[in-house]
$ cat my_file-v5.txt   # compact mmCIF, C-alpha atoms
# COMPACT_ATOMS: atom_id res chain seq x y z
CA MET A 1 -78.70 22.19 58.00
CA ARG A 2 -77.85 24.42 55.04
CA HIS A 3 -75.08 26.97 54.79
CA ARG A 4 -76.14 30.42 53.55
CA TYR A 5 -73.77 32.79 51.80
CA GLU A 6 -74.53 36.39 50.78
CA CYS A 7 -72.84 37.06 47.45
CA PRO A 8 -72.55 40.66 46.17
CA LEU A 9 -73.08 41.34 42.45
CA ARG A 10 -70.77 43.36 40.21
CA TRP A 11 -71.50 45.36 37.06
CA ALA A 12 -68.84 43.34 35.26
CA ASP A 13 -70.89 40.17 35.87
CA LEU A 14 -73.50 41.18 33.26
CA ASP A 15 -73.73 39.92 29.69
CA VAL A 16 -74.97 41.63 26.51
CA LEU A 17 -78.61 41.00 27.52
CA GLY A 18 -78.12 42.70 30.91
CA HIS A 19 -78.36 39.35 32.74
CA VAL A 20 -75.69 37.91 34.98
CA ASN A 21 -73.54 35.85 32.61
CA ASN A 22 -73.80 32.07 32.99
CA VAL A 23 -70.09 31.80 33.86
CA ARG A 24 -70.42 34.22 36.76
CA TYR A 25 -72.99 31.99 38.49
CA VAL A 26 -70.31 29.31 38.73
CA ASP A 27 -67.98 31.91 40.23
CA TYR A 28 -70.67 32.65 42.84
CA LEU A 29 -70.92 28.92 43.60
CA GLN A 30 -67.17 28.80 44.15
CA GLU A 31 -67.40 31.64 46.67
CA ALA A 32 -70.27 29.92 48.49
CA ARG A 33 -68.45 26.59 48.46
CA SER A 34 -65.30 28.13 49.97
CA ALA A 35 -67.37 29.77 52.70
CA LEU A 36 -69.12 26.48 53.50
CA LEU A 37 -65.84 24.55 53.76
CA ARG A 38 -64.38 27.20 56.07
CA ALA A 39 -67.49 26.99 58.26
CA CYS A 40 -67.34 23.16 58.26
CA LEU A 41 -63.74 22.99 59.36
CA HIS A 42 -64.13 25.71 62.00
CA ALA A 43 -67.21 24.04 63.52
CA ALA A 44 -65.38 20.70 63.63
CA GLY A 45 -62.37 22.30 65.36
CA VAL A 46 -60.19 21.74 62.29
CA GLU A 47 -58.60 24.98 61.16
CA ARG A 48 -56.96 23.38 58.14
CA GLN A 49 -56.22 19.97 56.70
CA GLU A 50 -52.47 19.77 56.20
CA GLY A 51 -51.46 18.54 52.77
CA VAL A 52 -55.03 18.17 51.45
CA GLY A 53 -56.58 20.03 48.55
CA TYR A 54 -59.98 19.71 46.86
CA VAL A 55 -60.68 19.71 43.14
CA VAL A 56 -63.99 19.95 41.30
CA VAL A 57 -64.85 16.76 39.40
CA ARG A 58 -68.30 17.66 38.05
CA HIS A 59 -70.67 20.60 37.75
CA GLU A 60 -74.36 20.37 36.90
CA VAL A 61 -75.92 23.83 36.62
CA THR A 62 -79.58 24.50 35.81
CA PHE A 63 -80.43 28.12 34.97
CA LEU A 64 -84.04 28.87 35.93
CA ALA A 65 -84.48 32.64 35.61
CA PRO A 66 -82.41 35.66 34.53
CA LEU A 67 -80.69 37.50 37.37
CA LEU A 68 -80.47 41.26 36.88
CA PHE A 69 -78.09 43.60 38.66
CA ARG A 70 -79.23 44.88 42.03
CA SER A 71 -77.51 46.51 45.00
CA SER A 72 -78.47 43.78 47.46
CA SER A 73 -76.55 40.52 47.58
CA VAL A 74 -77.90 37.34 46.04
CA LEU A 75 -78.30 34.45 48.51
CA ILE A 76 -76.78 31.00 48.05
CA ASP A 77 -77.81 27.97 50.09
CA SER A 78 -75.41 25.01 50.00
CA TRP A 79 -75.64 21.57 51.54
CA VAL A 80 -74.09 18.10 51.29
CA THR A 81 -76.09 15.43 49.43
CA GLU A 82 -73.56 12.61 49.25
CA ILE A 83 -70.28 11.58 50.88
CA ARG A 84 -68.46 8.75 49.17
CA GLY A 85 -65.11 7.06 49.71
CA ALA A 86 -63.14 9.55 47.63
CA SER A 87 -65.56 12.39 46.87
CA PHE A 88 -68.50 14.40 48.17
CA THR A 89 -71.35 16.25 46.49
CA LEU A 90 -72.74 19.70 47.26
CA ASP A 91 -76.10 21.02 46.09
CA HIS A 92 -76.73 24.74 45.74
CA GLU A 93 -79.57 27.16 45.19
CA ILE A 94 -79.00 30.79 44.14
CA PHE A 95 -82.00 32.95 45.01
CA HIS A 96 -83.53 36.10 46.43
CA GLU A 97 -86.15 36.07 49.15
CA ALA A 98 -89.46 37.53 47.96
CA GLU A 99 -91.59 39.92 49.99
CA ASP A 100 -94.29 37.25 50.40
CA GLY A 101 -91.84 34.97 52.19
CA GLY A 102 -91.09 32.78 49.18
CA ARG A 103 -88.00 32.81 47.07
CA VAL A 104 -87.10 33.60 43.48
CA VAL A 105 -84.67 30.89 42.39
CA TYR A 106 -82.22 31.67 39.61
CA VAL A 107 -79.99 28.60 39.63
CA ARG A 108 -79.94 25.09 41.05
CA ALA A 109 -76.59 23.35 40.86
CA ARG A 110 -74.65 20.31 41.94
CA THR A 111 -70.89 20.08 42.42
CA VAL A 112 -68.81 16.95 42.98
CA LEU A 113 -65.47 17.49 44.72
CA ALA A 114 -62.61 15.12 45.43
CA PRO A 115 -59.70 15.43 47.89
CA PHE A 116 -56.15 15.03 46.65
CA SER A 117 -52.66 15.08 48.13
CA LEU A 118 -50.87 18.40 47.66
CA GLU A 119 -47.53 16.61 47.80
CA SER A 120 -48.15 13.90 45.20
CA GLY A 121 -51.02 15.46 43.25
CA LEU A 122 -52.86 12.14 43.44
CA PRO A 123 -56.46 11.50 44.61
CA ARG A 124 -56.95 10.42 48.20
CA ARG A 125 -59.84 9.07 50.23
CA MET A 126 -62.11 11.16 52.43
CA ASP A 127 -60.69 11.07 55.95
CA ASP A 128 -62.64 11.00 59.21
CA ALA A 129 -62.01 14.70 59.91
CA ALA A 130 -63.55 15.77 56.59
CA ARG A 131 -66.53 13.45 57.03
CA ALA A 132 -67.21 14.78 60.53
CA ALA A 133 -66.93 18.38 59.31
CA LEU A 134 -69.41 17.85 56.47
CA ALA A 135 -71.91 15.72 58.41
CA PRO A 136 -73.97 18.62 59.93
CA TYR A 137 -74.79 19.89 56.44
CA ALA A 138 -75.87 16.52 55.03
CA GLU A 139 -79.28 15.99 53.41
CA GLU A 140 -80.52 13.25 51.12
CA GLY A 141 -80.36 14.09 47.44
CA GLU A 142 -80.22 12.66 43.95
CA ARG A 143 -77.03 11.20 42.58
CA THR A 144 -75.16 12.93 39.78
CA ARG A 145 -76.13 12.08 36.23
CA PRO A 146 -73.61 10.36 33.94
CA LEU A 147 -72.24 12.71 31.28
CA LYS A 148 -71.86 11.02 27.91
CA VAL A 149 -70.48 13.36 25.27
CA ASP A 150 -69.56 12.35 21.73
CA VAL A 151 -67.88 15.00 19.58
CA PRO A 152 -67.21 13.68 16.05
CA ARG A 153 -64.24 15.66 14.73
CA GLU A 154 -65.50 15.57 11.13
CA HIS A 155 -68.52 17.70 12.09
CA ALA A 156 -67.02 19.71 14.95
CA ALA A 157 -65.90 23.34 15.02
CA HIS A 158 -62.39 23.96 16.32
CA TYR A 159 -61.41 26.70 18.76
CA PRO A 160 -57.88 27.19 20.15
CA VAL A 161 -57.87 27.56 23.94
CA THR A 162 -55.03 29.75 25.18
CA VAL A 163 -54.39 29.70 28.93
CA ARG A 164 -53.70 33.01 30.62
CA PHE A 165 -51.65 33.31 33.80
CA SER A 166 -54.72 34.75 35.59
CA ASP A 167 -56.67 31.58 34.74
CA LEU A 168 -54.68 29.54 37.28
CA ASP A 169 -55.76 28.68 40.82
CA ILE A 170 -53.65 28.16 43.95
CA TYR A 171 -52.76 24.65 42.75
CA ARG A 172 -51.38 26.10 39.46
CA HIS A 173 -54.18 24.41 37.52
CA VAL A 174 -56.75 26.29 35.46
CA ASN A 175 -59.53 27.22 37.90
CA ASN A 176 -62.76 25.25 37.49
CA VAL A 177 -64.75 28.42 36.69
CA VAL A 178 -62.48 29.32 33.78
CA TYR A 179 -63.40 26.10 31.94
CA PHE A 180 -66.90 27.57 31.57
CA GLU A 181 -65.31 30.61 29.93
CA TYR A 182 -63.35 28.42 27.51
CA PHE A 183 -66.46 26.53 26.45
CA GLN A 184 -68.40 29.80 26.17
CA GLU A 185 -65.75 31.27 23.87
CA ALA A 186 -65.85 28.12 21.73
CA ARG A 187 -69.68 28.41 21.44
CA ILE A 188 -69.37 32.03 20.36
CA ALA A 189 -66.91 30.99 17.67
CA LEU A 190 -69.29 28.22 16.60
CA PHE A 191 -72.15 30.69 16.26
CA GLY A 192 -69.87 32.94 14.25
CA LYS A 193 -70.21 30.37 11.48
CA LEU A 194 -73.97 30.97 11.46
CA ARG A 195 -73.99 34.70 10.71
CA ALA A 196 -74.12 34.29 6.95
CA ALA A 197 -76.68 31.47 7.16
CA LEU A 198 -79.04 33.51 9.36
CA ARG A 199 -78.68 36.96 7.81
CA GLU A 200 -82.15 36.74 6.20
CA PHE A 201 -83.84 36.10 9.55
CA PRO A 202 -84.68 38.46 12.45
CA ARG A 203 -82.15 38.42 15.27
CA ILE A 204 -82.83 35.74 17.90
CA ASN A 205 -80.70 35.45 20.99
CA VAL A 206 -79.85 32.28 22.89
CA VAL A 207 -79.51 31.83 26.66
CA VAL A 208 -77.97 28.95 28.57
CA ALA A 209 -80.54 26.73 30.28
CA GLN A 210 -78.33 23.85 31.47
CA THR A 211 -74.61 23.16 31.66
CA ASP A 212 -73.06 19.83 32.66
CA LEU A 213 -69.27 19.86 32.81
CA GLU A 214 -66.87 17.07 33.69
CA TYR A 215 -63.22 17.66 34.58
CA VAL A 216 -61.09 14.76 33.33
CA ALA A 217 -57.52 16.02 33.86
CA PRO A 218 -55.97 19.35 34.93
CA ILE A 219 -55.22 22.03 32.36
CA THR A 220 -51.97 23.86 33.07
CA ALA A 221 -50.31 26.94 31.59
CA ARG A 222 -48.24 26.52 28.43
CA ALA A 223 -47.38 28.52 25.35
CA GLU A 224 -49.25 26.28 22.90
CA PRO A 225 -53.04 26.42 22.85
CA TYR A 226 -55.22 23.44 23.66
CA ASP A 227 -57.94 22.32 21.24
CA CYS A 228 -61.66 22.70 21.89
CA TRP A 229 -64.04 20.85 19.57
CA SER A 230 -67.75 21.69 19.60
CA VAL A 231 -70.71 20.26 17.75
CA ALA A 232 -74.49 20.72 17.80
CA THR A 233 -75.99 17.35 18.72
CA ARG A 234 -79.68 18.14 19.05
CA MET A 235 -82.14 20.64 17.59
CA GLY A 236 -85.47 21.15 19.34
CA ASN A 237 -88.41 23.46 18.75
CA LYS A 238 -87.11 26.08 21.17
CA SER A 239 -83.65 24.81 22.08
CA MET A 240 -80.47 23.17 20.86
CA VAL A 241 -77.66 21.20 22.49
CA ILE A 242 -73.93 21.88 22.07
CA GLU A 243 -71.42 19.24 23.15
CA SER A 244 -67.74 20.10 23.49
CA GLU A 245 -64.38 18.65 24.50
CA ILE A 246 -61.10 20.32 25.38
CA VAL A 247 -58.26 18.14 24.17
CA ASP A 248 -54.49 17.99 24.55
CA ALA A 249 -53.25 16.59 21.24
CA SER A 250 -49.63 16.45 22.44
CA GLY A 251 -50.10 12.97 23.90
CA ALA A 252 -49.32 14.08 27.45
CA ALA A 253 -52.91 13.77 28.71
CA PRO A 254 -54.77 10.52 29.55
CA ARG A 255 -57.99 9.18 28.02
CA ASP A 256 -57.37 10.05 24.37
CA GLY A 257 -56.18 13.50 25.36
CA VAL A 258 -59.58 14.69 26.64
CA LEU A 259 -59.16 17.17 29.52
CA ALA A 260 -62.77 18.30 29.96
CA ARG A 261 -66.14 17.76 28.34
CA SER A 262 -69.42 19.66 28.49
CA ARG A 263 -73.01 19.56 27.33
CA VAL A 264 -74.90 22.85 27.12
CA VAL A 265 -78.60 23.37 26.43
CA LEU A 266 -79.29 26.69 24.71
CA VAL A 267 -82.79 28.19 24.48
CA PHE A 268 -83.89 30.58 21.73
CA PHE A 269 -84.77 33.81 23.51
CA ASP A 270 -86.60 37.06 22.73
CA ALA A 271 -84.83 39.93 24.52
CA THR A 272 -87.92 42.16 24.26
CA THR A 273 -90.41 39.78 25.88
CA GLN A 274 -87.75 38.01 27.98
CA GLN A 275 -89.32 34.71 26.96
CA SER A 276 -88.24 31.61 25.07
CA VAL A 277 -89.43 31.57 21.46
CA THR A 278 -89.89 29.19 18.55
CA PRO A 279 -87.77 30.47 15.63
CA PRO A 280 -89.50 31.30 12.33
CA PRO A 281 -89.77 28.64 9.58
CA GLY A 282 -86.43 27.85 8.02
CA TYR A 283 -84.33 29.23 10.89
CA ARG A 284 -83.46 25.90 12.51
CA GLU A 285 -82.99 24.27 9.10
CA ALA A 286 -80.45 26.99 8.25
CA ILE A 287 -78.53 26.23 11.42
CA VAL A 288 -78.47 22.51 10.64
CA ASP A 289 -77.37 23.10 7.04
CA SER A 290 -74.58 25.44 8.18
CA LEU A 291 -73.22 23.33 11.00
CA GLY A 292 -73.66 19.95 9.36
CA GLY A 293 -73.63 16.74 11.31
CA PRO A 294 -76.32 14.15 12.05
CA LEU A 295 -78.92 16.65 13.23
CA ALA A 296 -82.65 16.54 12.59
CA VAL A 297 -85.16 19.38 12.90
CA PRO A 298 -88.33 18.29 14.72
CA SER A 299 -91.70 18.97 13.18
CA ALA A 300 -93.51 21.99 14.61

$ encode --input "my_file-v5.txt" --output "structure tokens"
Amino acid sequence: MRHRYECPLRWADLDVLGHVNNVRYVDYLQEARSALLRACLHAAGVERQEGVGYVVVRHEVTFLAPLLFRSSSVLIDSWVTEIRGASFTLDHEIFHEAEDGGRVVYVRARTVLAPFSLESGLPRRMDDAARAALAPYAEEGERTRPLKVDVPREHAAHYPVTVRFSDLDIYRHVNNVVYFEYFQEARIALFGKLRAALREFPRINVVVAQTDLEYVAPITARAEPYDCWSVATRMGNKSMVIESEIVDASGAAPRDGVLARSRVVLVFFDATTQQSVTPPPGYREAIVDSLGGPLAVPSA
């Protein structure tokens, strides 16, 4: 069984291309996920789990087609693909139903969540009540992919991440959706370095095709900014890959200070044709020369 959620769109969800911004899709997934968990607990006769919270451990989001604003709600199907000892995985599909009975799918995504104790803040195992509540929505699915990100500081662009009070969730951590905003802002700053290098070329947009994000440790509010380091790690004929890490250099965070890491696939995009494009000769080479690092431009 799959849980279906009707998610209304807002004008403020749109980006400069008139598409729903990639960050907002993750916000939609959060709304659908909350609705599913409420339905699970109600159906199992559990109105709430005292002292238990859930945090997002991983997101894998594949963007398949641009979603334009419309008055009708977009539909989100969610289901459980894995229940482990201390986590569970939800798969999602964001779509509209077509007149011919099919569906137009905009996003497929996977989210890994883990329970934790509200009192201690430490991870805890999945209890019998949670397993029973999730069981009706279980289907077989693929396991999550390992996320291996390597951001060499000598080639990376730096962006200071300042936490706003409105970024926090009910646990007083930065909400999982806001991390996507932080990495998006860092990418924009990275591309700011390319303006001079690309001024001789026609304007080419980029759209997000895939985002994998791993949450390592909570980000909390403080006066000092955190550090985000981003680097281009791959250049294809029609796409490029940006890998990033958000780091706490104060020494308070575990694992070398890394709080979150992401890998984003960007596709070169023509706003007129609404299609992916191969940039003109010299365009990708200009990006590589400007950003530096161990990148190679593939032959056409």

$ residues_around --input "my_file-v5.txt" --residues "stretch 229-232 of chain A" --least-positions-apart "4" --cutoff "8 Å" --atoms "all atoms listed in the file" --output "PyMOL selection string"
chain A and resi 151-153+155-159+186-187+190+240-247+291+293+295

$ residues_around --input "my_file-v5.txt" --residues "A:Glu224" --least-positions-apart "2" --cutoff "10 Å" --atoms "only C-alpha atoms" --output "list in words"
Pro160, Val161, Thr162, Val163, Ala221, Arg222, Tyr226, Asp227, Asp248 and Ser250 of chain A

$ closest_residue --input "my_file-v5.txt" --among "A:His3, A:Ala217, A:Leu41, A:Val23" --to "A:Trp79" --atoms "all atoms listed in the file"
A:His3

$ closest_residue --input "my_file-v5.txt" --among "A:Ile188, A:Val26, A:Val288, A:Ala260" --to "A:Arg234" --atoms "all atoms listed in the file"
A:Val288

$ atom_distance --input "my_file-v5.txt" --atom1 "atom CA of A:Ala109" --atom2 "atom CA of A:His59"
7.2 Å

$ closest_atom_pairs --input "my_file-v5.txt" --of "stretch 20-90 of chain A" --to "stretch 142-147 of chain A" --cutoff "9 Å" --atoms "all atoms listed in the file" --output "tab-separated table"
residue	atom	partner	partner_atom	distance
A:Arg58	CA	A:Thr144	CA	8.5
A:Glu60	CA	A:Thr144	CA	8.0
A:Thr81	CA	A:Glu142	CA	7.4
A:Glu82	CA	A:Arg143	CA	7.6
A:Thr89	CA	A:Thr144	CA	8.4

$ write_last_selection --input "my_file-v5.txt" --atoms "C-alpha atoms" --output "CSV table (one decimal), in the coordinates of the input"
chain,number,residue,atom,x,y,z
A,58,ARG,CA,-68.3,17.7,38.0
A,60,GLU,CA,-74.4,20.4,36.9
A,81,THR,CA,-76.1,15.4,49.4
A,82,GLU,CA,-73.6,12.6,49.2
A,89,THR,CA,-71.4,16.2,46.5

$ residues_around --input "my_file-v5.txt" --residues "A:Glu31" --least-positions-apart "3" --cutoff "10 Å" --atoms "all atoms listed in the file" --output "list in words"
Tyr5, Glu6, Cys7, Tyr25, Val26, Asp27, Tyr28, Ser34, Ala35, Leu36 and Ile76 of chain A

$ residues_around --input "my_file-v5.txt" --residues "A:Leu64" --least-positions-apart "6" --cutoff "9 Å" --atoms "all atoms listed in the file" --output "number ranges by chain"
A: 105-108, 209-210

$ atom_distance --input "my_file-v5.txt" --atom1 "atom CA of A:Thr211" --atom2 "atom CA of A:Arg38"
26.8 Å

$ closest_residue --input "my_file-v5.txt" --among "A:Tyr283, A:Phe116, A:Phe88, A:Trp11" --to "A:Phe201" --atoms "only C-alpha atoms"
A:Tyr283

$ closest_residue --input "my_file-v5.txt" --among "A:Arg33, A:Arg70, A:Arg261, A:His96" --to "A:Phe183" --atoms "all atoms listed in the file"
A:Arg261

$ axis_aligned_box --input "my_file-v5.txt" --around "stretch 184-196 of chain A" --padding-each-side "5 Å" --output "AutoDock Vina command-line options"
--center_x -69.9 --center_y 31.4 --center_z 16.6 --size_x 18.4 --size_y 16.6 --size_z 29.2

$ closest_residue --input "my_file-v5.txt" --among "A:Arg2, A:Lys238, A:Arg263, A:Arg24" --to "A:Lys148" --atoms "all atoms listed in the file"
A:Arg263

$ atom_distance --input "my_file-v5.txt" --atom1 "atom CA of A:Arg195" --atom2 "atom CA of A:Ser262"
23.7 Å

$ closest_residue --input "my_file-v5.txt" --among "A:Ile219, A:Asp167, A:Ala98, A:Cys40" --to "A:Ala132" --atoms "only C-alpha atoms"
A:Cys40

$ residues_around --input "my_file-v5.txt" --residues "A:Asn176" --least-positions-apart "4" --cutoff "9 Å" --atoms "all atoms listed in the file" --output "list in words"
Val26, Asp27, Gln30, Val55, Val56, Val57, Asp169, Phe180 and Tyr215 of chain A

$ residues_near_point --input "my_file-v5.txt" --point "(-78.4, 25.2, 29.6)" --cutoff "8 Å" --atoms "all atoms listed in the file" --output "list in words"
Val61, Thr62, Phe63, Val207, Val208, Ala209, Gln210, Thr211, Val264, Val265, Leu266 and Val267 of chain A
